$ cat query-v1.csv   # CSV, N, CA and C atoms and all ligand atoms
chain,number,residue,atom,x,y,z
A,30,MET,N,-11.7,-22.0,12.1
A,30,MET,CA,-12.9,-21.8,11.2
A,30,MET,C,-12.4,-21.8,9.8
A,31,LEU,N,-13.1,-22.5,8.9
A,31,LEU,CA,-12.7,-22.6,7.6
A,31,LEU,C,-12.5,-21.3,6.9
A,32,LEU,N,-13.5,-20.4,7.1
A,32,LEU,CA,-13.4,-19.1,6.4
A,32,LEU,C,-12.2,-18.3,6.8
A,33,SER,N,-11.8,-18.3,8.0
A,33,SER,CA,-10.7,-17.5,8.5
A,33,SER,C,-9.4,-18.1,8.0
A,34,ALA,N,-9.3,-19.5,7.9
A,34,ALA,CA,-8.1,-20.1,7.4
A,34,ALA,C,-7.9,-19.7,6.0
A,35,ASP,N,-9.0,-19.7,5.2
A,35,ASP,CA,-8.9,-19.3,3.8
A,35,ASP,C,-8.4,-17.8,3.7
A,36,MET,N,-9.0,-17.0,4.6
A,36,MET,CA,-8.6,-15.6,4.6
A,36,MET,C,-7.1,-15.4,4.8
A,37,THR,N,-6.6,-16.3,5.7
A,37,THR,CA,-5.2,-16.2,6.1
A,37,THR,C,-4.3,-16.5,4.9
A,38,VAL,N,-4.6,-17.6,4.2
A,38,VAL,CA,-3.9,-18.0,3.0
A,38,VAL,C,-3.9,-16.9,2.0
A,39,ARG,N,-5.1,-16.4,1.7
A,39,ARG,CA,-5.2,-15.3,0.7
A,39,ARG,C,-4.4,-14.1,1.1
A,40,ARG,N,-4.4,-13.8,2.4
A,40,ARG,CA,-3.7,-12.6,2.9
A,40,ARG,C,-2.2,-12.8,2.7
A,41,ARG,N,-1.7,-14.0,2.9
A,41,ARG,CA,-0.3,-14.2,2.7
A,41,ARG,C,0.1,-14.1,1.2
A,42,VAL,N,-0.7,-14.6,0.3
A,42,VAL,CA,-0.5,-14.4,-1.1
A,42,VAL,C,-0.5,-13.0,-1.5
A,43,LEU,N,-1.5,-12.3,-1.0
A,43,LEU,CA,-1.7,-10.9,-1.3
A,43,LEU,C,-0.5,-10.1,-0.7
A,44,CYS,N,0.0,-10.4,0.4
A,44,CYS,CA,1.1,-9.7,1.0
A,44,CYS,C,2.3,-9.8,0.2
A,45,GLY,N,2.6,-11.0,-0.3
A,45,GLY,CA,3.7,-11.3,-1.1
A,45,GLY,C,3.7,-10.4,-2.4
A,46,ILE,N,2.6,-10.3,-3.0
A,46,ILE,CA,2.5,-9.5,-4.2
A,46,ILE,C,2.7,-8.1,-3.9
A,47,VAL,N,2.0,-7.6,-2.9
A,47,VAL,CA,2.1,-6.2,-2.6
A,47,VAL,C,3.5,-5.8,-2.2
A,48,LEU,N,4.1,-6.7,-1.4
A,48,LEU,CA,5.4,-6.5,-0.9
A,48,LEU,C,6.4,-6.3,-2.0
A,49,ALA,N,6.3,-7.2,-3.0
A,49,ALA,CA,7.3,-7.2,-4.1
A,49,ALA,C,7.1,-5.9,-4.9
A,50,SER,N,5.9,-5.5,-5.1
A,50,SER,CA,5.7,-4.2,-5.9
A,50,SER,C,6.2,-3.0,-5.1
A,51,LEU,N,5.9,-3.0,-3.8
A,51,LEU,CA,6.3,-1.9,-2.9
A,51,LEU,C,7.8,-1.8,-2.9
A,52,GLN,N,8.4,-2.9,-2.8
A,52,GLN,CA,9.9,-2.9,-2.7
A,52,GLN,C,10.4,-2.2,-3.9
A,53,VAL,N,9.9,-2.6,-5.1
A,53,VAL,CA,10.4,-2.0,-6.3
A,53,VAL,C,10.1,-0.5,-6.3
A,54,LEU,N,8.9,-0.1,-5.9
A,54,LEU,CA,8.5,1.3,-5.9
A,54,LEU,C,9.3,2.1,-4.9
A,55,LEU,N,9.4,1.6,-3.7
A,55,LEU,CA,10.1,2.3,-2.6
A,55,LEU,C,11.6,2.5,-2.9
A,56,LEU,N,12.2,1.4,-3.5
A,56,LEU,CA,13.6,1.5,-3.7
A,56,LEU,C,14.0,2.3,-4.9
A,57,ARG,N,13.1,2.3,-5.9
A,57,ARG,CA,13.5,2.9,-7.1
A,57,ARG,C,12.8,4.2,-7.5
A,58,ALA,N,11.7,4.5,-6.9
A,58,ALA,CA,10.9,5.6,-7.4
A,58,ALA,C,10.5,6.6,-6.3
A,59,ALA,N,11.5,7.3,-5.8
A,59,ALA,CA,11.2,8.4,-4.9
A,59,ALA,C,10.5,9.5,-5.8
A,60,PRO,N,9.4,10.1,-5.4
A,60,PRO,CA,8.6,11.0,-6.3
A,60,PRO,C,9.5,12.1,-6.9
A,61,GLY,N,10.4,12.7,-6.1
A,61,GLY,CA,11.2,13.8,-6.7
A,61,GLY,C,12.1,13.4,-7.8
A,62,ASP,N,12.5,12.1,-7.9
A,62,ASP,CA,13.4,11.6,-8.9
A,62,ASP,C,12.6,11.3,-10.2
A,63,ALA,N,11.3,11.0,-10.0
A,63,ALA,CA,10.5,10.5,-11.2
A,63,ALA,C,10.6,11.4,-12.4
A,64,ALA,N,10.6,12.8,-12.1
A,64,ALA,CA,10.6,13.7,-13.2
A,64,ALA,C,12.0,13.7,-13.9
A,65,LYS,N,13.0,13.5,-13.2
A,65,LYS,CA,14.4,13.5,-13.7
A,65,LYS,C,14.7,12.3,-14.5
A,66,THR,N,14.3,11.1,-14.0
A,66,THR,CA,14.7,9.9,-14.6
A,66,THR,C,13.6,9.5,-15.7
A,67,ALA,N,13.9,8.5,-16.5
A,67,ALA,CA,13.0,8.2,-17.5
A,67,ALA,C,11.7,7.6,-16.9
A,68,ALA,N,10.7,8.5,-16.9
A,68,ALA,CA,9.5,8.2,-16.2
A,68,ALA,C,8.8,6.9,-16.7
A,69,SER,N,8.9,6.7,-18.0
A,69,SER,CA,8.2,5.5,-18.6
A,69,SER,C,8.8,4.2,-18.1
A,70,LYS,N,10.0,4.2,-17.7
A,70,LYS,CA,10.6,2.9,-17.3
A,70,LYS,C,10.5,2.7,-15.8
A,71,SER,N,10.4,3.8,-15.0
A,71,SER,CA,10.3,3.7,-13.6
A,71,SER,C,8.9,3.2,-13.2
A,72,PRO,N,8.9,2.3,-12.2
A,72,PRO,CA,7.6,1.9,-11.7
A,72,PRO,C,6.9,3.2,-11.1
A,73,THR,N,5.6,3.2,-11.3
A,73,THR,CA,4.9,4.4,-10.8
A,73,THR,C,3.7,3.9,-9.9
A,74,PHE,N,3.2,4.8,-9.1
A,74,PHE,CA,2.1,4.4,-8.2
A,74,PHE,C,0.9,4.0,-9.0
A,75,GLU,N,0.6,4.8,-10.0
A,75,GLU,CA,-0.6,4.5,-10.8
A,75,GLU,C,-0.5,3.1,-11.5
A,76,ASN,N,0.7,2.9,-12.1
A,76,ASN,CA,0.8,1.7,-12.9
A,76,ASN,C,1.1,0.4,-12.1
A,77,ASP,N,1.9,0.6,-11.0
A,77,ASP,CA,2.4,-0.6,-10.4
A,77,ASP,C,1.8,-0.9,-9.0
A,78,VAL,N,1.4,0.1,-8.3
A,78,VAL,CA,0.9,-0.1,-7.0
A,78,VAL,C,-0.6,0.0,-6.8
A,79,LEU,N,-1.2,1.1,-7.4
A,79,LEU,CA,-2.6,1.3,-7.3
A,79,LEU,C,-3.5,0.1,-7.8
A,80,PRO,N,-3.1,-0.6,-8.9
A,80,PRO,CA,-3.8,-1.7,-9.4
A,80,PRO,C,-3.9,-2.8,-8.3
A,81,ILE,N,-2.8,-3.0,-7.6
A,81,ILE,CA,-2.8,-4.0,-6.5
A,81,ILE,C,-3.8,-3.6,-5.4
A,82,PHE,N,-3.7,-2.3,-5.0
A,82,PHE,CA,-4.6,-1.9,-3.9
A,82,PHE,C,-6.1,-2.0,-4.4
A,83,LYS,N,-6.3,-1.8,-5.7
A,83,LYS,CA,-7.6,-1.9,-6.3
A,83,LYS,C,-8.1,-3.3,-6.4
A,84,ASN,N,-7.3,-4.1,-7.0
A,84,ASN,CA,-7.7,-5.5,-7.3
A,84,ASN,C,-7.8,-6.3,-6.0
A,85,ARG,N,-6.9,-6.1,-5.1
A,85,ARG,CA,-6.9,-6.7,-3.8
A,85,ARG,C,-7.7,-5.8,-2.9
A,86,ALA,N,-8.1,-6.3,-1.8
A,86,ALA,CA,-9.2,-5.7,-1.1
A,86,ALA,C,-8.8,-4.3,-0.4
A,87,CYS,N,-7.6,-3.9,-0.5
A,87,CYS,CA,-7.2,-2.7,0.3
A,87,CYS,C,-8.2,-1.5,0.2
A,88,LEU,N,-8.6,-1.2,-1.0
A,88,LEU,CA,-9.4,0.0,-1.2
A,88,LEU,C,-10.8,-0.2,-0.6
A,89,ALA,N,-11.2,-1.4,-0.3
A,89,ALA,CA,-12.5,-1.6,0.3
A,89,ALA,C,-12.5,-0.9,1.7
A,90,CYS,N,-11.4,-1.0,2.3
A,90,CYS,CA,-11.3,-0.5,3.7
A,90,CYS,C,-10.5,0.8,3.8
A,91,HIS,N,-9.6,1.0,2.9
A,91,HIS,CA,-8.8,2.2,2.9
A,91,HIS,C,-9.0,3.0,1.6
A,92,GLY,N,-10.2,3.2,1.2
A,92,GLY,CA,-10.4,3.9,-0.1
A,92,GLY,C,-11.2,5.2,0.2
A,93,PRO,N,-11.6,5.9,-0.9
A,93,PRO,CA,-12.3,7.1,-0.8
A,93,PRO,C,-13.6,7.0,0.1
A,94,SER,N,-14.2,5.9,0.1
A,94,SER,CA,-15.5,5.8,0.7
A,94,SER,C,-15.4,5.4,2.2
A,95,LEU,N,-14.4,4.6,2.6
A,95,LEU,CA,-14.3,4.1,4.0
A,95,LEU,C,-13.2,4.8,4.7
A,96,LYS,N,-12.0,4.8,4.2
A,96,LYS,CA,-10.9,5.5,4.9
A,96,LYS,C,-10.6,5.0,6.3
A,97,THR,N,-10.5,3.7,6.5
A,97,THR,CA,-10.2,3.2,7.8
A,97,THR,C,-8.9,3.8,8.3
A,98,LYS,N,-9.0,4.3,9.5
A,98,LYS,CA,-7.8,4.9,10.1
A,98,LYS,C,-7.4,6.2,9.4
A,99,GLU,N,-8.4,6.8,8.6
A,99,GLU,CA,-8.1,7.9,7.8
A,99,GLU,C,-7.2,7.7,6.7
A,100,LEU,N,-6.9,6.4,6.4
A,100,LEU,CA,-6.0,6.0,5.3
A,100,LEU,C,-6.8,5.8,4.0
A,101,ASP,N,-6.4,6.6,3.0
A,101,ASP,CA,-7.1,6.4,1.7
A,101,ASP,C,-6.0,6.1,0.6
A,102,LEU,N,-6.0,4.8,0.2
A,102,LEU,CA,-5.0,4.4,-0.8
A,102,LEU,C,-5.5,4.6,-2.2
A,103,GLY,N,-6.5,5.4,-2.4
A,103,GLY,CA,-7.1,5.6,-3.7
A,103,GLY,C,-6.2,6.4,-4.7
A,104,THR,N,-5.4,7.3,-4.2
A,104,THR,CA,-4.5,8.0,-5.1
A,104,THR,C,-3.1,8.1,-4.5
A,105,TYR,N,-2.2,8.5,-5.3
A,105,TYR,CA,-0.8,8.6,-4.8
A,105,TYR,C,-0.7,9.6,-3.7
A,106,GLN,N,-1.4,10.8,-3.9
A,106,GLN,CA,-1.3,11.9,-2.9
A,106,GLN,C,-1.9,11.4,-1.6
A,107,SER,N,-3.1,10.8,-1.6
A,107,SER,CA,-3.7,10.4,-0.4
A,107,SER,C,-2.9,9.3,0.3
A,108,SER,N,-2.3,8.4,-0.5
A,108,SER,CA,-1.5,7.3,0.1
A,108,SER,C,-0.3,7.9,0.8
A,109,MET,N,0.3,8.9,0.2
A,109,MET,CA,1.5,9.5,0.8
A,109,MET,C,1.1,10.3,2.0
A,110,ARG,N,-0.1,10.9,2.0
A,110,ARG,CA,-0.5,11.6,3.2
A,110,ARG,C,-0.6,10.7,4.4
A,111,GLY,N,-0.9,9.4,4.2
A,111,GLY,CA,-0.9,8.4,5.2
A,111,GLY,C,-2.2,8.3,6.0
A,112,SER,N,-2.1,7.9,7.2
A,112,SER,CA,-3.2,7.6,8.1
A,112,SER,C,-3.3,8.6,9.2
A,113,GLU,N,-4.3,8.4,10.1
A,113,GLU,CA,-4.4,9.3,11.2
A,113,GLU,C,-3.1,9.4,12.1
A,114,SER,N,-2.3,8.3,12.0
A,114,SER,CA,-1.1,8.3,12.8
A,114,SER,C,0.1,8.7,11.9
A,115,GLY,N,-0.1,9.3,10.7
A,115,GLY,CA,1.0,9.8,10.0
A,115,GLY,C,1.3,9.0,8.7
A,116,ALA,N,2.5,9.2,8.1
A,116,ALA,CA,2.9,8.6,6.9
A,116,ALA,C,3.0,7.1,7.0
A,117,VAL,N,2.5,6.4,6.0
A,117,VAL,CA,2.6,4.9,6.0
A,117,VAL,C,3.6,4.5,4.9
A,118,ILE,N,4.0,5.4,4.0
A,118,ILE,CA,4.9,5.1,3.0
A,118,ILE,C,6.0,6.2,3.0
A,119,VAL,N,7.3,5.8,3.1
A,119,VAL,CA,8.4,6.7,3.0
A,119,VAL,C,9.2,6.3,1.8
A,120,PRO,N,9.2,7.0,0.8
A,120,PRO,CA,9.9,6.6,-0.5
A,120,PRO,C,11.4,6.4,-0.2
A,121,GLY,N,11.9,5.3,-0.7
A,121,GLY,CA,13.3,5.0,-0.6
A,121,GLY,C,13.7,4.4,0.8
A,122,GLN,N,12.7,4.4,1.7
A,122,GLN,CA,13.0,3.9,3.0
A,122,GLN,C,12.0,2.9,3.5
A,123,PRO,N,12.0,1.7,2.9
A,123,PRO,CA,11.1,0.7,3.3
A,123,PRO,C,11.0,0.4,4.8
A,124,ASP,N,12.1,0.5,5.5
A,124,ASP,CA,12.1,0.3,7.0
A,124,ASP,C,11.3,1.3,7.7
A,125,GLU,N,11.2,2.5,7.1
A,125,GLU,CA,10.5,3.6,7.8
A,125,GLU,C,9.0,3.6,7.3
A,126,SER,N,8.6,2.7,6.4
A,126,SER,CA,7.3,2.7,5.9
A,126,SER,C,6.4,1.7,6.6
A,127,ARG,N,5.4,2.3,7.3
A,127,ARG,CA,4.5,1.4,8.0
A,127,ARG,C,3.7,0.5,7.2
A,128,LEU,N,3.4,0.9,6.0
A,128,LEU,CA,2.6,0.1,5.1
A,128,LEU,C,3.4,-1.2,4.7
A,129,TYR,N,4.7,-0.9,4.5
A,129,TYR,CA,5.6,-2.0,4.1
A,129,TYR,C,5.6,-3.1,5.3
A,130,HIS,N,5.7,-2.6,6.5
A,130,HIS,CA,5.7,-3.5,7.6
A,130,HIS,C,4.4,-4.3,7.8
A,131,MET,N,3.3,-3.6,7.4
A,131,MET,CA,2.0,-4.2,7.6
A,131,MET,C,1.8,-5.4,6.6
A,132,VAL,N,2.4,-5.3,5.4
A,132,VAL,CA,2.2,-6.3,4.4
A,132,VAL,C,3.3,-7.3,4.5
A,133,LYS,N,4.3,-7.1,5.2
A,133,LYS,CA,5.5,-7.9,5.2
A,133,LYS,C,5.1,-9.3,5.8
A,201,LIG,C1,-11.2,-5.6,6.0
A,201,LIG,C2,-10.7,-4.2,6.0
A,201,LIG,C3,-9.3,-4.0,5.6
A,201,LIG,C4,-8.6,-4.3,4.5
A,201,LIG,C5,-9.1,-5.1,3.3
A,201,LIG,C6,-7.3,-3.7,4.6
A,201,LIG,N1,-7.2,-3.1,5.8
A,201,LIG,FE1,-5.5,-2.0,6.4
A,201,LIG,N2,-6.4,-1.7,8.2
A,201,LIG,C7,-7.7,-2.0,8.5
A,201,LIG,C8,-7.9,-1.7,9.9
A,201,LIG,C9,-9.2,-2.0,10.7
A,201,LIG,C10,-6.7,-1.1,10.4
A,201,LIG,C11,-6.4,-0.7,11.8
A,201,LIG,C12,-5.8,-2.0,12.4
A,201,LIG,C13,-5.1,-1.7,13.7
A,201,LIG,O1,-5.0,-0.5,14.1
A,201,LIG,O2,-4.5,-2.7,14.3
A,201,LIG,C14,-5.8,-1.1,9.3
A,201,LIG,C15,-4.6,-0.5,9.3
A,201,LIG,C16,-3.7,-0.4,8.2
A,201,LIG,C17,-2.5,0.4,8.2
A,201,LIG,C18,-1.9,1.1,9.4
A,201,LIG,C19,-2.6,2.4,9.5
A,201,LIG,C20,-2.3,3.0,10.9
A,201,LIG,O3,-2.2,4.3,11.0
A,201,LIG,O4,-2.2,2.3,11.9
A,201,LIG,C21,-2.0,0.3,7.0
A,201,LIG,C22,-0.7,0.9,6.5
A,201,LIG,C23,-2.9,-0.5,6.2
A,201,LIG,N3,-3.9,-0.9,7.0
A,201,LIG,C24,-2.7,-0.9,4.9
A,201,LIG,C25,-3.5,-1.8,4.2
A,201,LIG,C26,-3.1,-2.4,2.9
A,201,LIG,C27,-1.9,-2.0,2.1
A,201,LIG,C28,-4.1,-3.2,2.6
A,201,LIG,C29,-4.2,-4.1,1.3
A,201,LIG,C30,-3.1,-5.1,1.2
A,201,LIG,C31,-5.1,-3.2,3.6
A,201,LIG,N4,-4.6,-2.3,4.6
A,201,LIG,C32,-6.3,-3.9,3.6
A,201,LIG,C33,-8.6,-2.6,7.7
A,201,LIG,C34,-8.3,-3.2,6.4
$ encode --input "query-v1.csv" --output "structure tokens"
Amino acid sequence: MLLSADMTVRRRVLCGIVLASLQVLLLRAAPGDAAKTAASKSPTFENDVLPIFKNRACLACHGPSLKTKELDLGTYQSSMRGSESGAVIVPGQPDESRLYHMVK
């Protein structure tokens, strides 16, 4: 179906963008370190990841209003809380982060 083919392409593009940003965030910005290191230079959830979740469709399904699988990517706190099956992001450990595997 034409529509689904288009969706697949868009999803691939989206995944690449999200993946790149998550890699940066997960590898460099564990929350505990943010206060210690120069916060302005480190990637942050609000500046680097949330805009992607917002601009791309993630929040439509995993936002304050829908929360598919109990996952709310609307804030750093709720994203770190994860889904009904637990954490989806583990700072500094992309291999342990379910969200990372989802978009990979
Ligand atoms: C069209 C609605 C929709 C959109 C848009 C969407 N998701 Fe999902 N997401 C789902 C559904 C439905 C599931 C459950 C799928 C399953 O269990 O196989 C899910 C599951 C997940 C899970 C695993 C949660 C768990 O506990 O199993 C993560 C992480 C996730 N999505 C992240 C994202 C991210 C990041 C984006 C944006 C790049 C996104 N989703 C966009 C509907 C969506």
$ residues_near_ligand --input "query-v1.csv" --ligand "ligand LIG 201 (chain A)" --cutoff "6 Å" --atoms "only C-alpha atoms and all ligand atoms" --output "list of chain:residue names"
A:Phe82, A:Ala86, A:Cys87, A:Ala89, A:Cys90, A:Thr97, A:Lys98, A:Ser112, A:Glu113, A:Ser114, A:Val117, A:Arg127, A:Leu128, A:Met131
$ atom_distance --input "query-v1.csv" --atom1 "atom N of Gly121 (chain A)" --atom2 "atom C of Ser71 (chain A)"
13.0 Å
$ residues_around --input "query-v1.csv" --residues "Leu88 (chain A)" --least-positions-apart "6" --cutoff "8 Å" --atoms "only N, CA and C atoms" --output "PyMOL selection string"
chain A and resi 81-82+94-96+101-103
$ residues_around --input "query-v1.csv" --residues "Thr104 (chain A)" --least-positions-apart "5" --cutoff "8 Å" --atoms "only N, CA and C atoms" --output "PyMOL selection string"
chain A and resi 74-75+79+92-93+109-110
$ atom_distance --input "query-v1.csv" --atom1 "atom C of Asp77 (chain A)" --atom2 "atom N of Ala116 (chain A)"
19.9 Å
$ closest_residue --input "query-v1.csv" --among "A:Asp124, A:Val78, A:Gly111, A:Thr73" --to "His91 (chain A)" --atoms "only C-alpha atoms"
A:Gly111
$ atom_distance --input "query-v1.csv" --atom1 "CA of Lys83 (chain A)" --atom2 "atom N of Ile118 (chain A)"
17.1 Å
